[in-house]
Every structure is written in structure tokens, then in C-alpha cells.
Protein chains: 2
Amino acid sequence: MTVRTAAGAVLVDGRPATGVPADDRGLAYGDGLFETIAFHGGRAPLWPGHMARLRRGCRRLGLAPPEPALLWSEAAGLAGPGDVLIKLIVSRGSGRGYAPPARTATRRVLLRQALPILPARLYRDGLRLRWCRLRLAIQPALAGLKHLGRLEQVLARAEWRDPAIDEGLCLDADGHVVCATAANVFIVRDGMLLTPQLDRCGVAGVARAALLARARRWLPVREQRLVRADVDAADEVFLSNAVRGVMPVRMIGRRRYRPGPVAARLGYTLAAVGIGQAFDEPS
Amino acid sequence: MTVRTAAGAVLVDGRPATGVPADDRGLAYGDGLFETIAFHGGRAPLWPGHMARLRRGCRRLGLAPPEPALLWSEAAGLAGPGDVLIKLIVSRGSGRGYAPPARTATRRVLLRQALPILPARLYRDGLRLRWCRLRLAIQPALAGLKHLGRLEQVLARAEWRDPAIDEGLCLDADGHVVCATAANVFIVRDGMLLTPQLDRCGVAGVARAALLARARRWLPVREQRLVRADVDAADEVFLSNAVRGVMPVRMIGRRRYRPGPVAARLGYTLAAVGIGQAFDEPS
């Protein structure tokens, strides 16, 4: 992984800070949500999608959502003109005990971080994946949310250190395919685009939503339960992530795939707005 | 709830601080563990149990455990001579991305907080509980750990605001009884003490372990799967927690119970070392 910029800075509730209060409920209980937002030259191409997911998440957790115009001014100001990542954490403020305080003081933490980009060859040749042993727990009450409790992803990602493996796919406790540790997954079969339903676990990715909306214009698309045999039988497999865009897959375990035309075309539509890299630009 | 002391203070890696670095993995991903430890007059009666659970948790998460003697000196120093709570958070330090850094720099955060104690009448008359709608997800990889991702508990606790309800009992996705939102649960039936197995979800409480060890000296004890009908049919129900000790139950929904002799005797053994309150001291 190469890194474009390394500038770091933090805003907590709009003020420059180095830390977060030690009694923050995000730290204590994972009581909050986050978004990792790519900025390029002062623009955040997927900003509306990030805000829509954050709003939905706040509603489901009973958090007062931060005011979007305020968030934009803080995030854009912190991002500046470069290519950077803004990590936004929204927590239920300070407090003790699991009971949410009657008056919620949502805290917003913005961190400017380097934008992690993948080598061009991965976009061109595809990623190599593995199947993770860890099974994701089924929890409809949290499914789809990008909440702060991501220990399952940490444990799944800790299963391998081999730098030749780029990502890992996870099944849920019932054996359904859910996602990669830090990306959503799509398969193409018989000209149809399929991606796991995320009503029982997984994170409903902002890039995933953007891709589904774009793909529906020219391809049959379905969100449904998928099992490992569906992935084995796929013509194409690719991953999506709001920072890295569309990432074609060339190998899962010993099964080989060819980066295909659907990933190429969808990858181009995201790369065209600055998310990820076009590995096969239409000529 | 009454409060004995209100003094607050924080140590981060042994140094006085107000906050935690904003890029802490505990905040970002729930990548860490915690313990809430009652101190009385410079002693922490359940300290060995807290350290044992922390050590097990660190092993399972691949975290370097903090050195116990160092932790003791920091915690006891911060606690001082009063009756206070020390909340200890152990996180996988700073870092980005789900992959645990190859060299883990475990961060320890200690917070001194007021000791929340329950009114004496609750120990005497028993707590009133409800059944929570939220079902706990089944995740053997995290079962038993007091990890930082406690959003399920927050959501379960958010189900009621009625101050007459003291706690809520949670079932797992398969309908097995697991725990209260912030306590373990025990039932007594036909002279036998039963408590849920915690190999698929729930937190293996430090008070629970202490009670099981004590109870085995004079009573048949079993950890097993329990369903709601087992609780309905119980002669006694009580909760345990390392700060509040043994809390007898007088009502769950509309089902009434009498605080019974097993809760009384076990409650006394913990109250005798300063955890919770004896509601029926043997004469």
C-alpha cells in the first residue's frame, strides 16, 4: 500500500484537539458510528452517500445527527485542497452506564489521515483473497450500520499476515457470504450482478450503494443471500469500498477469476469521480 | 442510584491526562477490553478475578497484556483511600486499518469514577426486571470477553426509561437466556444453582466466577443453556455484578419472586469483602 499524504490533524466538536475525552461513550461502549471519506481537491465525491448512511445510523441508534452543513464546513476545512481521508466519528458523547443519557450530546471527531491507495497493478490484475475462518455474528439490530464495534473485522483481518493476500471474505454464522473485512463484495453470473443482502450483518457500503444505483441502469441487479458456492461459480468477483473504489478479484483461495467487464465498467464510473482507480478505461 | 464519591481523574499509560489519542483503536474499532473495579479503602476485593479475565481476553485478542504489578500501582494510586470505581480500558494503541499492527503497543487508560451503589431496599426487596426485545448475537469468538463493543447492551438498556424497572434480561438469537444488560443472571431450582453457559455470547462476569466458586462448596451448581421457561419456573432469581454484588430479583415482567436464601447467602459472602450490600446478614 502506498500513501499519498501523511498530514494528520484532529477536530473534536469543531475545535483543534489531539485527543478525545477519556469518558467518551464511543471508546467505552462502541456507542457511535463512523465514516471514512475520501477528499480530492476540496471535493468529497461520495459525501451525500456518507451523510445518508450517517443519518440512518443515527436514527437507528437514537443519536442526534450532527448538522450536515456544519460537518461539511469542518470536514472540507480540515481536508484542505489535497487528496486526503477524513475519518468522521460520531459518538454519544461522554457518559457512564449503558443507558443512553436522556439528553444526548452527540460528539463529532474528525481526523485527517493519509489516503491509502492501492498499487495500480491490483486494479488491473485483481486482488487475491482468502476465506476467513471467523464467522460474522447475525445481529439485525446493527446490520448495515458502520458502528464503532468492529472487533470482528479486526479478528478476521488478523487471520493472515501474508502480504500476498489482499483481503479476506467473511461468511455469517449461517454460512452466507457477507463481505470482505473492509469492503463489500459483488459477483457477476450469467450477466446478472449479485451482492449479499445486509439485513442481518455487514456494513451497507457507500460505494456499494453508488454502484448498485449505477449498475441498475444497464444490468439486472439483485441483493440476495449468497453462499460460497455462488462465489465459486461466479464469472466475475469484485469488491467495493468508498476510498478504494472497485477492486476486481483474481483469486480466492485456489479459485482463479479474470477481472471482468462489469468490474471494469463500474470501476470506471467511480474512478471518474475520483474514487479508486480505473484499471481499464474505456477507449 | 446514589453516589458515594464524585472524584474524577484519568491516567493514560501511567500519566495524568484528560483524553485519549483520537486515533486510538479502542475508539475506532472497539479493539480492546475493559474492567470496572471497585476499590474500598485502598483494596480491590475482586482484583485477581479482574486480572484473570483481562489476561484471558488479551490472549484471545492477541493483545500484549499490561504488566499486573504496574497496573496495580497505577490503579491503587489513582483510587486512593476512598470508595471509588476504577475503570480500566486496555486498547490496541493507535493505528489505522483493521489489521492489528505487527508490534502491538497496548494502551492502558484508567478512569477514577464515583462508585454507583444501589439503594439498600433493592438488596432487601429485590430488583424489578423486564425481558428485553433485543436478541444478543451469537459470536463464540468474542463470547465471555468484556470487550469494548457494547452497543447491544446500550440498545437493550435504551428499551425502557421507567425508573421502576431496574434491569433487563436478554435472550440470544436462539432464545437462550444470557444475562442482564449489566449483570449476570442466576436461578435456583430444586436446590440447584443454574447460570447460563457463556460460550456463545455474554460477558463472563468476575462476580459470577467468584460466586460459582463459593457456591460449589455447599450447593450443586451448573452452567448450562437456559430458556425463559426455566427462569419462569425458578424458585429464586438473582443478578451479579462486580461492583453491585448479588442483587435478588422480585419481579420479571408480571412474574413475582421472593428474594431467597441462596441469593442471601451468596450476597453476604460478597458483601463481606465489600462488594454490594448484605440484605440479610446471617445472625
# chains A, B, ... in the order shown; residues from 1 in each chain; ligands from 1
>>> interface_residues(of="chain A", to="chain B", cutoff="7 Å", atoms="only C-alpha atoms", output="PDB file with N, CA and C atoms, in the first residue's frame")
ATOM      1  N   THR A  18      -6.039  17.047  20.254  1.00  0.00           N
ATOM      2  CA  THR A  18      -5.214  15.871  19.998  1.00  0.00           C
ATOM      3  C   THR A  18      -5.947  14.616  20.453  1.00  0.00           C
ATOM      4  N   GLY A  19      -6.837  14.797  21.405  1.00  0.00           N
ATOM      5  CA  GLY A  19      -7.482  13.611  21.959  1.00  0.00           C
ATOM      6  C   GLY A  19      -8.969  13.785  22.126  1.00  0.00           C
ATOM      7  N   VAL A  20      -9.551  12.701  22.569  1.00  0.00           N
ATOM      8  CA  VAL A  20     -10.984  12.619  22.821  1.00  0.00           C
ATOM      9  C   VAL A  20     -11.136  12.394  24.327  1.00  0.00           C
ATOM     10  N   PRO A  21     -12.127  13.026  24.963  1.00  0.00           N
ATOM     11  CA  PRO A  21     -12.288  12.809  26.402  1.00  0.00           C
ATOM     12  C   PRO A  21     -12.297  11.317  26.747  1.00  0.00           C
ATOM     13  N   ALA A  22     -11.609  10.975  27.818  1.00  0.00           N
ATOM     14  CA  ALA A  22     -11.419   9.560  28.153  1.00  0.00           C
ATOM     15  C   ALA A  22     -12.729   8.869  28.506  1.00  0.00           C
ATOM     16  N   GLY A  26     -18.054   6.399  22.813  1.00  0.00           N
ATOM     17  CA  GLY A  26     -17.545   5.660  21.652  1.00  0.00           C
ATOM     18  C   GLY A  26     -16.428   4.725  22.064  1.00  0.00           C
ATOM     19  N   LEU A  27     -15.514   5.230  22.899  1.00  0.00           N
ATOM     20  CA  LEU A  27     -14.421   4.397  23.414  1.00  0.00           C
ATOM     21  C   LEU A  27     -14.950   3.369  24.416  1.00  0.00           C
ATOM     22  N   ALA A  28     -15.804   3.802  25.304  1.00  0.00           N
ATOM     23  CA  ALA A  28     -16.246   2.923  26.390  1.00  0.00           C
ATOM     24  C   ALA A  28     -17.100   1.768  25.887  1.00  0.00           C
ATOM     25  N   TYR A  29     -17.996   2.056  24.922  1.00  0.00           N
ATOM     26  CA  TYR A  29     -19.008   1.061  24.548  1.00  0.00           C
ATOM     27  C   TYR A  29     -19.145   0.847  23.043  1.00  0.00           C
ATOM     28  N   GLY A  30     -18.329   1.529  22.237  1.00  0.00           N
ATOM     29  CA  GLY A  30     -18.585   1.483  20.791  1.00  0.00           C
ATOM     30  C   GLY A  30     -19.886   2.172  20.444  1.00  0.00           C
ATOM     31  N   ASP A  31     -20.305   3.118  21.272  1.00  0.00           N
ATOM     32  CA  ASP A  31     -21.620   3.740  21.150  1.00  0.00           C
ATOM     33  C   ASP A  31     -21.542   4.911  20.169  1.00  0.00           C
ATOM     34  N   TYR A  98     -24.722   1.872  30.523  1.00  0.00           N
ATOM     35  CA  TYR A  98     -25.227   1.588  29.190  1.00  0.00           C
ATOM     36  C   TYR A  98     -26.419   2.464  28.816  1.00  0.00           C
ATOM     37  N   ALA A  99     -27.212   2.883  29.798  1.00  0.00           N
ATOM     38  CA  ALA A  99     -28.392   3.688  29.481  1.00  0.00           C
ATOM     39  C   ALA A  99     -27.966   4.958  28.756  1.00  0.00           C
ATOM     40  N   PRO A 100     -28.496   5.197  27.566  1.00  0.00           N
ATOM     41  CA  PRO A 100     -28.176   6.458  26.876  1.00  0.00           C
ATOM     42  C   PRO A 100     -28.693   7.629  27.702  1.00  0.00           C
ATOM     43  N   ALA A 137     -21.253 -12.566  13.338  1.00  0.00           N
ATOM     44  CA  ALA A 137     -22.485 -12.787  14.109  1.00  0.00           C
ATOM     45  C   ALA A 137     -23.672 -12.148  13.396  1.00  0.00           C
ATOM     46  N   ILE A 138     -24.817 -12.767  13.558  1.00  0.00           N
ATOM     47  CA  ILE A 138     -26.046 -12.246  12.956  1.00  0.00           C
ATOM     48  C   ILE A 138     -26.737 -11.341  13.967  1.00  0.00           C
ATOM     49  N   GLN A 139     -26.864 -10.068  13.623  1.00  0.00           N
ATOM     50  CA  GLN A 139     -27.473  -9.101  14.535  1.00  0.00           C
ATOM     51  C   GLN A 139     -28.258  -8.069  13.718  1.00  0.00           C
ATOM     52  N   LEU A 148     -19.163   1.602  15.728  1.00  0.00           N
ATOM     53  CA  LEU A 148     -17.765   1.602  16.172  1.00  0.00           C
ATOM     54  C   LEU A 148     -17.276   0.236  16.654  1.00  0.00           C
ATOM     55  N   GLY A 149     -18.148  -0.736  16.774  1.00  0.00           N
ATOM     56  CA  GLY A 149     -17.714  -2.058  17.247  1.00  0.00           C
ATOM     57  C   GLY A 149     -17.273  -2.928  16.079  1.00  0.00           C
ATOM     58  N   ARG A 150     -16.023  -2.915  15.760  1.00  0.00           N
ATOM     59  CA  ARG A 150     -15.528  -3.611  14.576  1.00  0.00           C
ATOM     60  C   ARG A 150     -14.490  -4.676  14.938  1.00  0.00           C
ATOM     61  N   LEU A 151     -14.652  -5.237  16.120  1.00  0.00           N
ATOM     62  CA  LEU A 151     -13.680  -6.231  16.585  1.00  0.00           C
ATOM     63  C   LEU A 151     -13.718  -7.499  15.726  1.00  0.00           C
ATOM     64  N   GLN A 153     -14.071  -7.569  12.543  1.00  0.00           N
ATOM     65  CA  GLN A 153     -13.236  -7.281  11.368  1.00  0.00           C
ATOM     66  C   GLN A 153     -11.762  -7.329  11.739  1.00  0.00           C
ATOM     67  N   VAL A 154     -11.435  -6.825  12.924  1.00  0.00           N
ATOM     68  CA  VAL A 154     -10.036  -6.874  13.376  1.00  0.00           C
ATOM     69  C   VAL A 154      -9.584  -8.337  13.495  1.00  0.00           C
ATOM     70  N   ARG A 157      -9.243  -9.913  10.050  1.00  0.00           N
ATOM     71  CA  ARG A 157      -8.047  -9.424   9.348  1.00  0.00           C
ATOM     72  C   ARG A 157      -6.755  -9.935   9.987  1.00  0.00           C
ATOM     73  N   ALA A 158      -6.841 -10.289  11.275  1.00  0.00           N
ATOM     74  CA  ALA A 158      -5.655 -10.802  11.975  1.00  0.00           C
ATOM     75  C   ALA A 158      -5.368 -12.253  11.606  1.00  0.00           C
TER      76      ALA A 158
END
>>> select_by_dssp(residues="region 34-276 of chain B", states="strand (DSSP E or B)", output="VMD selection string")
chain B and resid 34 to 40 43 83 to 91 94 107 to 114 116 to 117 127 to 136 144 147 167 to 172 176 to 180 183 to 189 192 to 196 203 221 to 224 227 236 to 241 245 to 252 255 to 256
>>> residues_around(residues="Phe186 (chain A)", least_positions_apart="2", cutoff="9 Å", atoms="only C-alpha atoms", output="compact mmCIF listing (two decimals) with C-alpha atoms, in the first residue's frame")
# COMPACT_ATOMS: atom_id res chain seq x y z
CA CYS A 179 -18.41 -9.02 2.82
CA ASN A 184 -18.43 -5.13 0.12
CA VAL A 188 -21.47 -11.47 -11.72
CA LEU A 193 -24.97 -8.56 -10.71
CA LEU A 194 -25.47 -10.07 -7.25
CA THR A 195 -24.43 -8.81 -3.84
CA PRO A 196 -25.29 -10.06 -0.35
CA ARG A 208 -21.89 -0.32 -2.75
CA VAL A 231 -18.92 -17.17 -5.39
CA GLU A 236 -16.55 -12.20 -12.02
CA VAL A 237 -15.98 -11.19 -8.42
CA PHE A 238 -15.12 -7.70 -7.24
CA LEU A 239 -15.00 -5.67 -4.05
CA SER A 240 -16.06 -2.10 -3.36
CA ALA A 263 -15.98 -4.53 -12.63
>>> select_by_dssp(residues="region 135-188 of chain B", states="helix (DSSP H, G or I)", output="list in words")
Leu151, Glu152, Gln153, Val154, Leu155, Ala156 and Arg157 of chain B
>>> residues_around(residues="His176 (chain B)", least_positions_apart="5", cutoff="9 Å", atoms="only C-alpha atoms", output="PyMOL selection string")
chain B and resi 170-171+196+225-228
>>> residues_around(residues="region 73-75 of chain A", least_positions_apart="2", cutoff="10 Å", atoms="only C-alpha atoms", output="ChimeraX atom specification")
/A:11-15,37,39,42,44,68-71,77-80,85-88,109-112
>>> write_last_selection(atoms="C-alpha atoms", output="PDB file, in the first residue's frame")
ATOM      1  CA  LEU A  11     -11.091  18.367  15.290  1.00  0.00           C
ATOM      2  CA  VAL A  12     -13.330  17.490  18.231  1.00  0.00           C
ATOM      3  CA  ASP A  13     -16.676  19.293  18.103  1.00  0.00           C
ATOM      4  CA  GLY A  14     -15.110  21.766  15.728  1.00  0.00           C
ATOM      5  CA  ARG A  15     -12.071  22.615  17.825  1.00  0.00           C
ATOM      6  CA  ILE A  37     -14.490   9.914   3.449  1.00  0.00           C
ATOM      7  CA  PHE A  39     -11.434  14.116  -0.340  1.00  0.00           C
ATOM      8  CA  GLY A  42     -11.699  20.098  -1.788  1.00  0.00           C
ATOM      9  CA  ALA A  44     -15.755  14.557  -1.494  1.00  0.00           C
ATOM     10  CA  PRO A  68     -24.705  18.366   7.759  1.00  0.00           C
ATOM     11  CA  ALA A  69     -23.690  21.903   6.758  1.00  0.00           C
ATOM     12  CA  LEU A  70     -21.570  22.193   9.893  1.00  0.00           C
ATOM     13  CA  LEU A  71     -19.982  18.805   9.231  1.00  0.00           C
ATOM     14  CA  GLY A  77     -11.742  22.848   6.070  1.00  0.00           C
ATOM     15  CA  LEU A  78      -9.735  20.047   7.667  1.00  0.00           C
ATOM     16  CA  ALA A  79      -9.242  18.273   4.346  1.00  0.00           C
ATOM     17  CA  GLY A  80      -7.902  21.320   2.550  1.00  0.00           C
ATOM     18  CA  LEU A  85      -9.034  10.864   4.032  1.00  0.00           C
ATOM     19  CA  ILE A  86     -11.339  12.401   6.610  1.00  0.00           C
ATOM     20  CA  LYS A  87     -12.388   9.930   9.245  1.00  0.00           C
ATOM     21  CA  LEU A  88     -15.532  11.107  10.970  1.00  0.00           C
ATOM     22  CA  VAL A 109     -14.467  13.770  15.916  1.00  0.00           C
ATOM     23  CA  LEU A 110     -12.786  14.423  12.577  1.00  0.00           C
ATOM     24  CA  LEU A 111      -9.348  13.057  11.792  1.00  0.00           C
ATOM     25  CA  ARG A 112      -7.358  13.950   8.687  1.00  0.00           C
TER      26      ARG A 112
END
>>> residues_around(residues="Arg216 (chain A)", least_positions_apart="6", cutoff="12 Å", atoms="only C-alpha atoms", output="list in words")
Met192, Leu193, Leu194, Ala209, Ala210, Arg222, Glu223, Val262 and Leu266 of chain A
>>> decode(residues="region 140-172 of chain A", atoms="C-alpha atoms", output="short mmCIF file (atom, residue, chain, number, x, y, z; two decimals), in the first residue's frame")
data_model
loop_
_atom_site.label_atom_id
_atom_site.label_comp_id
_atom_site.auth_asym_id
_atom_site.auth_seq_id
_atom_site.Cartn_x
_atom_site.Cartn_y
_atom_site.Cartn_z
CA PRO A 140 -30.32 -7.46 12.62
CA ALA A 141 -30.41 -4.57 15.12
CA LEU A 142 -26.95 -3.45 13.95
CA ALA A 143 -26.88 -4.82 10.40
CA GLY A 144 -25.88 -2.30 7.76
CA LEU A 145 -24.55 0.25 10.25
CA LYS A 146 -20.96 1.41 10.27
CA HIS A 147 -20.90 1.39 14.06
CA LEU A 148 -17.76 1.60 16.17
CA GLY A 149 -17.71 -2.06 17.25
CA ARG A 150 -15.53 -3.61 14.58
CA LEU A 151 -13.68 -6.23 16.58
CA GLU A 152 -14.94 -9.00 14.29
CA GLN A 153 -13.24 -7.28 11.37
CA VAL A 154 -10.04 -6.87 13.38
CA LEU A 155 -10.05 -10.59 14.27
CA ALA A 156 -10.83 -11.64 10.69
CA ARG A 157 -8.05 -9.42 9.35
CA ALA A 158 -5.65 -10.80 11.97
CA GLU A 159 -6.03 -14.29 10.48
CA TRP A 160 -3.31 -13.66 7.91
CA ARG A 161 -0.06 -11.72 7.62
CA ASP A 162 0.95 -12.92 4.16
CA PRO A 163 1.32 -9.66 2.17
CA ALA A 164 0.35 -11.54 -0.99
CA ILE A 165 -3.21 -11.82 0.38
CA ASP A 166 -5.03 -8.54 -0.15
CA GLU A 167 -8.35 -9.21 1.56
CA GLY A 168 -10.48 -11.86 3.25
CA LEU A 169 -14.09 -12.80 2.65
CA CYS A 170 -16.34 -13.50 5.61
CA LEU A 171 -19.36 -15.73 5.99
CA ASP A 172 -22.00 -15.20 8.64
#
